[in-house]
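Single-structure report; data block below.
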Amino acid sequence: RTMEKRMREPSVAGYFYPGSKTELEKTVRSYLARAGSTYQDVKGILSPHAGYMYSGPVAGKVIGSVHIPEFVIILGPNHTGLGASVAVYPPGIWQMPGFEVPVDENLSALIMDGWENARWDELAHLKEHSLEVQVPFLYYRNPRVKIAAVCLGFHDLNEAREGGLALARAITSFNKPCLIVASSDMTHYEPDGVARKKDNIAIECMTALDEKGLYEKVNAYDISMCGVMPAIVTLVAAKELGAREGLLVEYMTSGDTGGGRAQVVGYAGMVFR
């Protein structure tokens, strides 16, 4: 089972977020500070993954509001089309500007063992930003954090449900506190009012921990939520692990954080507890 340790270099440093250690830390800490200083224990969260100037306030508020344990599973959508449809990053290190975060080999292996379609795969992660942008927020909340990184390229409700149950089993047998982070933005490139209306439909489903409703409504209302599969996997896993509700911590659009209102992207920060 021991594999050669892989090094993942940042793919969007200096682009989605500051490329220098000092600037990155200052930026991330300022966003985390929006949450105050009480931390809740949750099974999973939904956090956005755009450039920090747009989605940083929402990511900071949601990640800043929860207890970050030593072990975190990050699920992100596959924007590049590369690699396996369930791509688990092999044991190794994720390098970031000024720090690095290890991939936990045991947790990753448990996910691999229990999820039939999961593959050790670096290719899907090579240029993928959706998982990477979560890492500085997690690190500055808990510098001892270790991750399992899973990039999802499928669009099937049953596969997502299987994945959620597999994650819950992996976490149960891992037997240490574990947080699941679903990385997703909400509606893309629609007028601000339209985005809010559509996103509210999806948020209501997530509040109810209703993965089937989320899947059906995202399709029925053409909601361009890129991380709907990570969200569904997280909802299923969180429920299996005892979560009873979803809560919206923060919602903004890019219109609130530096863009115009004619074409916005929506960002939701949610906790599942």
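Following the order of the structure tokens, first chain is A, next is B, and so on, with residues numbered from 1 inside each chain and ligands from 1 in the order they appear.
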
Report as a CSV table (one decimal) with all heavy atoms, in the first residue's frame all protein, DNA and RNA residues lying within 12 Å of range 110-118 of chain A, evaluated on only C-alpha atoms, omitting residues in the same chain fewer than 5 positions from it.
chain,number,residue,atom,x,y,z
A,1,ARG,N,0.8,-1.2,0.0
A,1,ARG,CA,0.0,0.0,0.0
A,1,ARG,C,0.9,1.3,0.0
A,1,ARG,O,0.4,2.3,-0.4
A,1,ARG,CB,-0.9,0.0,1.2
A,1,ARG,CG,-1.6,1.3,1.5
A,1,ARG,CD,-2.7,1.3,2.4
A,1,ARG,NE,-3.8,0.5,2.0
A,1,ARG,CZ,-4.9,0.3,2.8
A,1,ARG,NH1,-5.0,0.9,3.9
A,1,ARG,NH2,-5.8,-0.5,2.3
A,73,ILE,N,-11.9,16.0,4.8
A,73,ILE,CA,-12.0,15.5,3.5
A,73,ILE,C,-12.6,16.7,2.6
A,73,ILE,O,-13.6,17.3,3.0
A,73,ILE,CB,-13.1,14.4,3.4
A,73,ILE,CG1,-12.6,13.2,4.3
A,73,ILE,CG2,-13.3,13.9,2.0
A,73,ILE,CD1,-13.6,12.1,4.5
A,74,ILE,N,-11.9,17.0,1.5
A,74,ILE,CA,-12.3,18.1,0.6
A,74,ILE,C,-12.9,17.4,-0.6
A,74,ILE,O,-12.1,16.6,-1.3
A,74,ILE,CB,-11.2,19.1,0.3
A,74,ILE,CG1,-10.5,19.5,1.5
A,74,ILE,CG2,-11.8,20.3,-0.4
A,74,ILE,CD1,-9.3,20.4,1.2
A,75,LEU,N,-14.1,17.7,-1.0
A,75,LEU,CA,-14.7,17.3,-2.2
A,75,LEU,C,-14.9,18.4,-3.2
A,75,LEU,O,-15.5,19.4,-2.8
A,75,LEU,CB,-16.1,16.6,-1.9
A,75,LEU,CG,-16.2,15.5,-0.9
A,75,LEU,CD1,-17.6,15.2,-0.7
A,75,LEU,CD2,-15.4,14.3,-1.4
A,83,GLY,N,-8.7,13.2,-15.9
A,83,GLY,CA,-8.6,12.2,-14.8
A,83,GLY,C,-9.8,11.4,-14.6
A,83,GLY,O,-10.8,11.4,-15.3
A,84,ALA,N,-9.8,10.6,-13.5
A,84,ALA,CA,-10.9,9.7,-13.1
A,84,ALA,C,-12.1,10.5,-12.7
A,84,ALA,O,-12.0,11.6,-12.2
A,84,ALA,CB,-10.4,8.8,-12.0
A,85,SER,N,-13.3,9.8,-12.7
A,85,SER,CA,-14.5,10.4,-12.3
A,85,SER,C,-14.6,10.6,-10.8
A,85,SER,O,-15.4,11.4,-10.3
A,85,SER,CB,-15.7,9.7,-12.9
A,85,SER,OG,-15.9,8.5,-12.3
A,86,VAL,N,-13.9,9.7,-10.1
A,86,VAL,CA,-13.8,9.8,-8.6
A,86,VAL,C,-12.3,9.7,-8.3
A,86,VAL,O,-11.7,8.7,-8.2
A,86,VAL,CB,-14.6,8.7,-7.8
A,86,VAL,CG1,-14.4,8.9,-6.3
A,86,VAL,CG2,-16.1,8.7,-8.2
A,87,ALA,N,-11.7,10.9,-8.3
A,87,ALA,CA,-10.2,11.0,-8.3
A,87,ALA,C,-9.7,11.3,-6.9
A,87,ALA,O,-9.9,12.4,-6.4
A,87,ALA,CB,-9.7,12.0,-9.3
A,88,VAL,N,-9.1,10.3,-6.2
A,88,VAL,CA,-8.6,10.5,-4.8
A,88,VAL,C,-7.1,10.9,-5.0
A,88,VAL,O,-6.3,10.1,-5.6
A,88,VAL,CB,-8.7,9.3,-4.0
A,88,VAL,CG1,-8.2,9.5,-2.6
A,88,VAL,CG2,-10.2,8.9,-3.9
A,89,TYR,N,-6.7,12.0,-4.4
A,89,TYR,CA,-5.3,12.4,-4.6
A,89,TYR,C,-4.4,11.4,-3.8
A,89,TYR,O,-4.7,11.1,-2.6
A,89,TYR,CB,-5.0,13.8,-4.1
A,89,TYR,CG,-3.7,14.3,-4.6
A,89,TYR,CD1,-3.6,14.9,-5.8
A,89,TYR,CD2,-2.5,14.2,-3.8
A,89,TYR,CE1,-2.3,15.4,-6.3
A,89,TYR,CE2,-1.3,14.6,-4.3
A,89,TYR,CZ,-1.2,15.2,-5.5
A,89,TYR,OH,0.0,15.6,-6.0
A,90,PRO,N,-3.3,10.9,-4.4
A,90,PRO,CA,-2.5,9.9,-3.8
A,90,PRO,C,-1.7,10.5,-2.6
A,90,PRO,O,-1.6,11.7,-2.5
A,90,PRO,CB,-1.4,9.5,-4.9
A,90,PRO,CG,-2.0,10.1,-6.1
A,90,PRO,CD,-2.9,11.2,-5.8
A,91,PRO,N,-1.2,9.7,-1.7
A,91,PRO,CA,-0.5,10.2,-0.5
A,91,PRO,C,0.6,11.1,-1.0
A,91,PRO,O,1.3,10.9,-1.9
A,91,PRO,CB,0.1,8.9,0.1
A,91,PRO,CG,-0.8,7.8,-0.3
A,91,PRO,CD,-1.3,8.2,-1.7
A,104,ASP,N,-3.5,12.8,4.1
A,104,ASP,CA,-3.5,11.7,5.0
A,104,ASP,C,-3.7,10.4,4.3
A,104,ASP,O,-4.8,10.1,3.7
A,104,ASP,CB,-4.6,11.8,6.1
A,104,ASP,CG,-4.4,10.8,7.2
A,104,ASP,OD1,-3.5,11.0,8.1
A,104,ASP,OD2,-5.0,9.7,7.2
A,105,GLU,N,-2.7,9.5,4.4
A,105,GLU,CA,-2.7,8.3,3.6
A,105,GLU,C,-3.8,7.3,4.1
A,105,GLU,O,-4.5,6.7,3.3
A,105,GLU,CB,-1.3,7.6,3.7
A,105,GLU,CG,-1.1,6.4,2.8
A,105,GLU,CD,0.3,6.0,2.7
A,105,GLU,OE1,1.2,6.7,3.2
A,105,GLU,OE2,0.6,4.9,2.1
A,147,ILE,N,-5.4,16.4,4.9
A,147,ILE,CA,-6.5,16.3,4.1
A,147,ILE,C,-6.6,15.0,3.3
A,147,ILE,O,-5.6,14.3,3.1
A,147,ILE,CB,-6.6,17.5,3.0
A,147,ILE,CG1,-5.3,17.4,2.1
A,147,ILE,CG2,-6.7,18.8,3.7
A,147,ILE,CD1,-5.4,18.4,0.9
A,148,ALA,N,-7.8,14.7,2.9
A,148,ALA,CA,-8.1,13.7,1.8
A,148,ALA,C,-8.8,14.5,0.7
A,148,ALA,O,-9.7,15.2,1.0
A,148,ALA,CB,-8.9,12.5,2.3
A,149,ALA,N,-8.3,14.5,-0.5
A,149,ALA,CA,-8.8,15.3,-1.5
A,149,ALA,C,-9.4,14.5,-2.6
A,149,ALA,O,-8.8,13.6,-3.2
A,149,ALA,CB,-7.6,16.1,-2.1
A,150,VAL,N,-10.7,14.7,-2.9
A,150,VAL,CA,-11.4,13.9,-3.8
A,150,VAL,C,-12.1,14.8,-4.9
A,150,VAL,O,-12.9,15.7,-4.5
A,150,VAL,CB,-12.5,13.1,-3.1
A,150,VAL,CG1,-13.1,12.1,-4.1
A,150,VAL,CG2,-11.9,12.3,-1.9
A,151,CYS,N,-11.8,14.6,-6.1
A,151,CYS,CA,-12.3,15.4,-7.2
A,151,CYS,C,-13.3,14.6,-8.0
A,151,CYS,O,-13.1,13.5,-8.4
A,151,CYS,CB,-11.1,15.8,-8.1
A,151,CYS,SG,-11.6,17.0,-9.4
A,152,LEU,N,-14.5,15.2,-8.1
A,152,LEU,CA,-15.7,14.4,-8.7
A,152,LEU,C,-16.1,14.9,-10.1
A,152,LEU,O,-16.4,16.1,-10.3
A,152,LEU,CB,-16.9,14.5,-7.8
A,152,LEU,CG,-16.6,14.1,-6.3
A,152,LEU,CD1,-17.9,14.3,-5.5
A,152,LEU,CD2,-16.1,12.7,-6.2
A,153,GLY,N,-16.1,14.0,-11.0
A,153,GLY,CA,-16.4,14.3,-12.4
A,153,GLY,C,-17.6,13.6,-13.0
A,153,GLY,O,-17.8,13.6,-14.2
A,154,PHE,N,-18.5,13.1,-12.1
A,154,PHE,CA,-19.7,12.4,-12.6
A,154,PHE,C,-20.9,13.3,-12.3
A,154,PHE,O,-20.8,14.3,-11.5
A,154,PHE,CB,-19.8,11.1,-11.9
A,154,PHE,CG,-19.9,11.1,-10.4
A,154,PHE,CD1,-21.2,11.4,-9.8
A,154,PHE,CD2,-18.8,10.9,-9.6
A,154,PHE,CE1,-21.3,11.5,-8.4
A,154,PHE,CE2,-18.9,11.0,-8.2
A,154,PHE,CZ,-20.2,11.3,-7.6
A,159,GLU,N,-24.7,7.5,-8.0
A,159,GLU,CA,-23.2,7.4,-7.7
A,159,GLU,C,-22.9,8.4,-6.5
A,159,GLU,O,-22.1,8.0,-5.7
A,159,GLU,CB,-22.5,7.9,-9.0
A,159,GLU,CG,-21.0,8.1,-8.8
A,159,GLU,CD,-20.2,6.8,-8.6
A,159,GLU,OE1,-20.6,5.8,-9.2
A,159,GLU,OE2,-19.2,6.8,-7.8
A,160,ALA,N,-23.6,9.5,-6.5
A,160,ALA,CA,-23.3,10.5,-5.4
A,160,ALA,C,-23.8,9.9,-4.1
A,160,ALA,O,-23.1,10.0,-3.0
A,160,ALA,CB,-24.0,11.8,-5.7
A,161,ARG,N,-24.9,9.2,-4.1
A,161,ARG,CA,-25.4,8.6,-2.8
A,161,ARG,C,-24.4,7.5,-2.4
A,161,ARG,O,-24.1,7.4,-1.2
A,161,ARG,CB,-26.8,8.0,-3.1
A,161,ARG,CG,-27.9,9.0,-3.0
A,161,ARG,CD,-29.2,8.4,-3.2
A,161,ARG,NE,-30.3,9.3,-2.7
A,161,ARG,CZ,-31.5,9.3,-3.2
A,161,ARG,NH1,-31.9,8.4,-4.1
A,161,ARG,NH2,-32.4,10.1,-2.6
A,162,GLU,N,-24.0,6.7,-3.3
A,162,GLU,CA,-23.0,5.6,-3.0
A,162,GLU,C,-21.8,6.2,-2.4
A,162,GLU,O,-21.2,5.7,-1.4
A,162,GLU,CB,-22.6,4.8,-4.2
A,162,GLU,CG,-23.5,3.7,-4.6
A,162,GLU,CD,-23.2,3.1,-6.0
A,162,GLU,OE1,-22.0,3.0,-6.3
A,162,GLU,OE2,-24.1,2.8,-6.7
A,163,GLY,N,-21.3,7.3,-3.0
A,163,GLY,CA,-20.1,8.0,-2.5
A,163,GLY,C,-20.3,8.6,-1.1
A,163,GLY,O,-19.5,8.5,-0.2
A,164,GLY,N,-21.5,9.1,-0.8
A,164,GLY,CA,-21.8,9.6,0.5
A,164,GLY,C,-21.8,8.5,1.6
A,164,GLY,O,-21.2,8.7,2.7
A,165,LEU,N,-22.4,7.4,1.2
A,165,LEU,CA,-22.4,6.3,2.2
A,165,LEU,C,-20.9,5.7,2.4
A,165,LEU,O,-20.5,5.4,3.5
A,165,LEU,CB,-23.3,5.1,1.7
A,165,LEU,CG,-24.8,5.5,1.6
A,165,LEU,CD1,-25.6,4.4,1.0
A,165,LEU,CD2,-25.3,5.9,3.0
A,166,ALA,N,-20.2,5.7,1.3
A,166,ALA,CA,-18.8,5.3,1.4
A,166,ALA,C,-17.9,6.2,2.3
A,166,ALA,O,-17.1,5.8,3.1
A,166,ALA,CB,-18.1,5.2,0.0
A,167,LEU,N,-18.2,7.5,2.1
A,167,LEU,CA,-17.5,8.5,3.0
A,167,LEU,C,-17.8,8.3,4.5
A,167,LEU,O,-17.0,8.3,5.3
A,167,LEU,CB,-17.8,9.9,2.6
A,167,LEU,CG,-17.1,10.6,1.4
A,167,LEU,CD1,-17.3,12.1,1.5
A,167,LEU,CD2,-15.6,10.2,1.4
A,168,ALA,N,-19.1,8.1,4.7
A,168,ALA,CA,-19.6,7.9,6.1
A,168,ALA,C,-18.9,6.6,6.7
A,168,ALA,O,-18.4,6.7,7.8
A,168,ALA,CB,-21.1,7.8,6.2
A,169,ARG,N,-18.8,5.6,5.9
A,169,ARG,CA,-18.2,4.3,6.4
A,169,ARG,C,-16.7,4.6,6.7
A,169,ARG,O,-16.1,4.1,7.7
A,169,ARG,CB,-18.3,3.2,5.4
A,169,ARG,CG,-19.7,2.6,5.3
A,169,ARG,CD,-19.7,1.3,4.5
A,169,ARG,NE,-19.2,1.4,3.1
A,169,ARG,CZ,-20.0,1.7,2.1
A,169,ARG,NH1,-21.3,1.9,2.3
A,169,ARG,NH2,-19.5,1.8,0.9
A,170,ALA,N,-16.0,5.3,5.7
A,170,ALA,CA,-14.6,5.6,5.9
A,170,ALA,C,-14.4,6.4,7.2
A,170,ALA,O,-13.5,6.1,7.9
A,170,ALA,CB,-14.1,6.4,4.7
A,171,ILE,N,-15.2,7.4,7.4
A,171,ILE,CA,-15.0,8.2,8.6
A,171,ILE,C,-15.3,7.4,9.9
A,171,ILE,O,-14.6,7.6,10.9
A,171,ILE,CB,-15.9,9.5,8.5
A,171,ILE,CG1,-15.4,10.4,7.4
A,171,ILE,CG2,-16.0,10.2,9.8
A,171,ILE,CD1,-16.4,11.6,7.1
A,172,THR,N,-16.3,6.6,9.8
A,172,THR,CA,-16.6,5.8,11.0
A,172,THR,C,-15.5,4.8,11.3
A,172,THR,O,-15.1,4.7,12.5
A,172,THR,CB,-17.9,5.0,10.7
A,172,THR,OG1,-19.0,5.9,10.4
A,172,THR,CG2,-18.3,4.2,12.0
A,173,SER,N,-14.9,4.1,10.3
A,173,SER,CA,-13.8,3.2,10.6
A,173,SER,C,-12.5,4.0,10.9
A,173,SER,O,-11.7,3.4,11.6
A,173,SER,CB,-13.7,2.2,9.5
A,173,SER,OG,-13.6,2.7,8.3
A,174,PHE,N,-12.3,5.1,10.4
A,174,PHE,CA,-11.1,6.0,10.7
A,174,PHE,C,-11.1,6.3,12.2
A,174,PHE,O,-10.1,6.4,12.8
A,174,PHE,CB,-11.2,7.2,9.8
A,174,PHE,CG,-9.9,8.0,9.8
A,174,PHE,CD1,-8.7,7.5,9.5
A,174,PHE,CD2,-9.9,9.4,10.3
A,174,PHE,CE1,-7.5,8.3,9.5
A,174,PHE,CE2,-8.8,10.1,10.3
A,174,PHE,CZ,-7.6,9.6,9.9
A,175,ASN,N,-12.4,6.6,12.7
A,175,ASN,CA,-12.6,6.7,14.1
A,175,ASN,C,-11.9,7.9,14.8
A,175,ASN,O,-11.4,7.8,15.9
A,175,ASN,CB,-12.2,5.4,14.8
A,175,ASN,CG,-12.9,5.2,16.1
A,175,ASN,OD1,-13.9,5.9,16.4
A,175,ASN,ND2,-12.4,4.4,17.0
A,233,VAL,N,-23.0,14.4,-2.1
A,233,VAL,CA,-22.2,13.4,-1.4
A,233,VAL,C,-22.1,13.8,0.1
A,233,VAL,O,-22.2,13.0,1.0
A,233,VAL,CB,-20.8,13.2,-2.0
A,233,VAL,CG1,-19.9,12.4,-1.2
A,233,VAL,CG2,-20.9,12.6,-3.4

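Proximity to Asp41 in chain A at 8 Å, evaluated using only C-alpha atoms and with sequence-adjacent residues fewer than 2 positions away removed, yields Tyr39, Lys43, Val66, His67 and Arg273 of chain A.
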
Generate the output file for the selected residues, N, CA and C atoms, as a PDB file, in the first residue's frame.
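Dumped everything to again34.pdb:
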ATOM      1  N   TYR A  39     -16.930  28.439  17.757  1.00  0.00           N
ATOM      2  CA  TYR A  39     -16.804  27.398  16.740  1.00  0.00           C
ATOM      3  C   TYR A  39     -17.799  26.282  17.021  1.00  0.00           C
ATOM      4  N   LYS A  43     -20.779  18.157  10.867  1.00  0.00           N
ATOM      5  CA  LYS A  43     -20.339  16.996  10.080  1.00  0.00           C
ATOM      6  C   LYS A  43     -19.744  17.434   8.741  1.00  0.00           C
ATOM      7  N   VAL A  66     -16.688  27.129  12.192  1.00  0.00           N
ATOM      8  CA  VAL A  66     -16.759  25.728  12.626  1.00  0.00           C
ATOM      9  C   VAL A  66     -15.426  25.258  13.194  1.00  0.00           C
ATOM     10  N   HIS A  67     -15.514  24.220  14.007  1.00  0.00           N
ATOM     11  CA  HIS A  67     -14.318  23.574  14.532  1.00  0.00           C
ATOM     12  C   HIS A  67     -13.646  22.820  13.379  1.00  0.00           C
ATOM     13  N   ARG A 273     -25.239  19.873  10.378  1.00  0.00           N
ATOM     14  CA  ARG A 273     -24.895  19.450  11.749  1.00  0.00           C
ATOM     15  C   ARG A 273     -25.997  18.606  12.368  1.00  0.00           C
TER      16      ARG A 273
END

Find the residues around range 132-146 of chain A up to 9 Å (only C-alpha atoms counted), leave out those fewer than 2 positions away in its own chain, and share them as an MDAnalysis selection string. chainID A and resid 10:13 16:17 24:25 28:29 31:32 47:52 59:60 63:64 67:74 94 96 99:104 125 128:130 148 181 183

Quick one: everything within 12 Å of Tyr251 in chain A, counting only C-alpha atoms, minus sequence neighbours fewer than 3 positions away in the same chain. Send it as number ranges by chain. A: 46-48, 54-62, 185-187, 195-197, 199-200, 203, 247-248, 254-257, 265-270

Output C-alpha atoms for every residue in the selection just made, as a PDB file, in the first residue's frame.
ATOM      1  CA  LEU A  46     -20.435  23.920   1.829  1.00  0.00           C
ATOM      2  CA  SER A  47     -17.838  26.547   0.908  1.00  0.00           C
ATOM      3  CA  PRO A  48     -17.332  28.511  -2.343  1.00  0.00           C
ATOM      4  CA  TYR A  54     -15.298  37.483  -4.750  1.00  0.00           C
ATOM      5  CA  SER A  55     -15.959  34.442  -2.576  1.00  0.00           C
ATOM      6  CA  GLY A  56     -13.409  34.930   0.226  1.00  0.00           C
ATOM      7  CA  PRO A  57     -15.876  36.664   2.581  1.00  0.00           C
ATOM      8  CA  VAL A  58     -18.297  33.710   2.382  1.00  0.00           C
ATOM      9  CA  ALA A  59     -15.602  31.008   2.633  1.00  0.00           C
ATOM     10  CA  GLY A  60     -13.996  32.817   5.577  1.00  0.00           C
ATOM     11  CA  LYS A  61     -17.272  33.161   7.435  1.00  0.00           C
ATOM     12  CA  VAL A  62     -18.301  29.521   7.061  1.00  0.00           C
ATOM     13  CA  ASP A 185     -20.166  27.992  -6.208  1.00  0.00           C
ATOM     14  CA  MET A 186     -23.837  28.552  -6.920  1.00  0.00           C
ATOM     15  CA  THR A 187     -25.491  30.134  -9.993  1.00  0.00           C
ATOM     16  CA  ALA A 195     -29.210  34.111  -9.257  1.00  0.00           C
ATOM     17  CA  ARG A 196     -30.626  34.810  -5.786  1.00  0.00           C
ATOM     18  CA  LYS A 197     -33.984  33.273  -6.667  1.00  0.00           C
ATOM     19  CA  ASP A 199     -29.868  29.731  -5.416  1.00  0.00           C
ATOM     20  CA  ASN A 200     -32.531  30.047  -2.758  1.00  0.00           C
ATOM     21  CA  ILE A 203     -30.287  26.312  -0.469  1.00  0.00           C
ATOM     22  CA  LEU A 247     -27.942  26.067   8.078  1.00  0.00           C
ATOM     23  CA  LEU A 248     -27.070  28.940   5.771  1.00  0.00           C
ATOM     24  CA  SER A 254     -20.103  38.618  -6.898  1.00  0.00           C
ATOM     25  CA  GLY A 255     -22.270  41.746  -7.201  1.00  0.00           C
ATOM     26  CA  ASP A 256     -21.853  42.235  -3.439  1.00  0.00           C
ATOM     27  CA  THR A 257     -18.101  41.745  -3.499  1.00  0.00           C
ATOM     28  CA  VAL A 265     -21.904  34.242  -9.543  1.00  0.00           C
ATOM     29  CA  GLY A 266     -23.600  33.174  -6.290  1.00  0.00           C
ATOM     30  CA  TYR A 267     -21.732  31.973  -3.197  1.00  0.00           C
ATOM     31  CA  ALA A 268     -23.283  30.091  -0.272  1.00  0.00           C
ATOM     32  CA  GLY A 269     -21.625  29.083   2.993  1.00  0.00           C
ATOM     33  CA  MET A 270     -23.553  26.328   4.773  1.00  0.00           C
TER      34      MET A 270
END

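Relative to CA of Pro77 in chain A, CA of Met229 in chain A is found at 7.2 Å.
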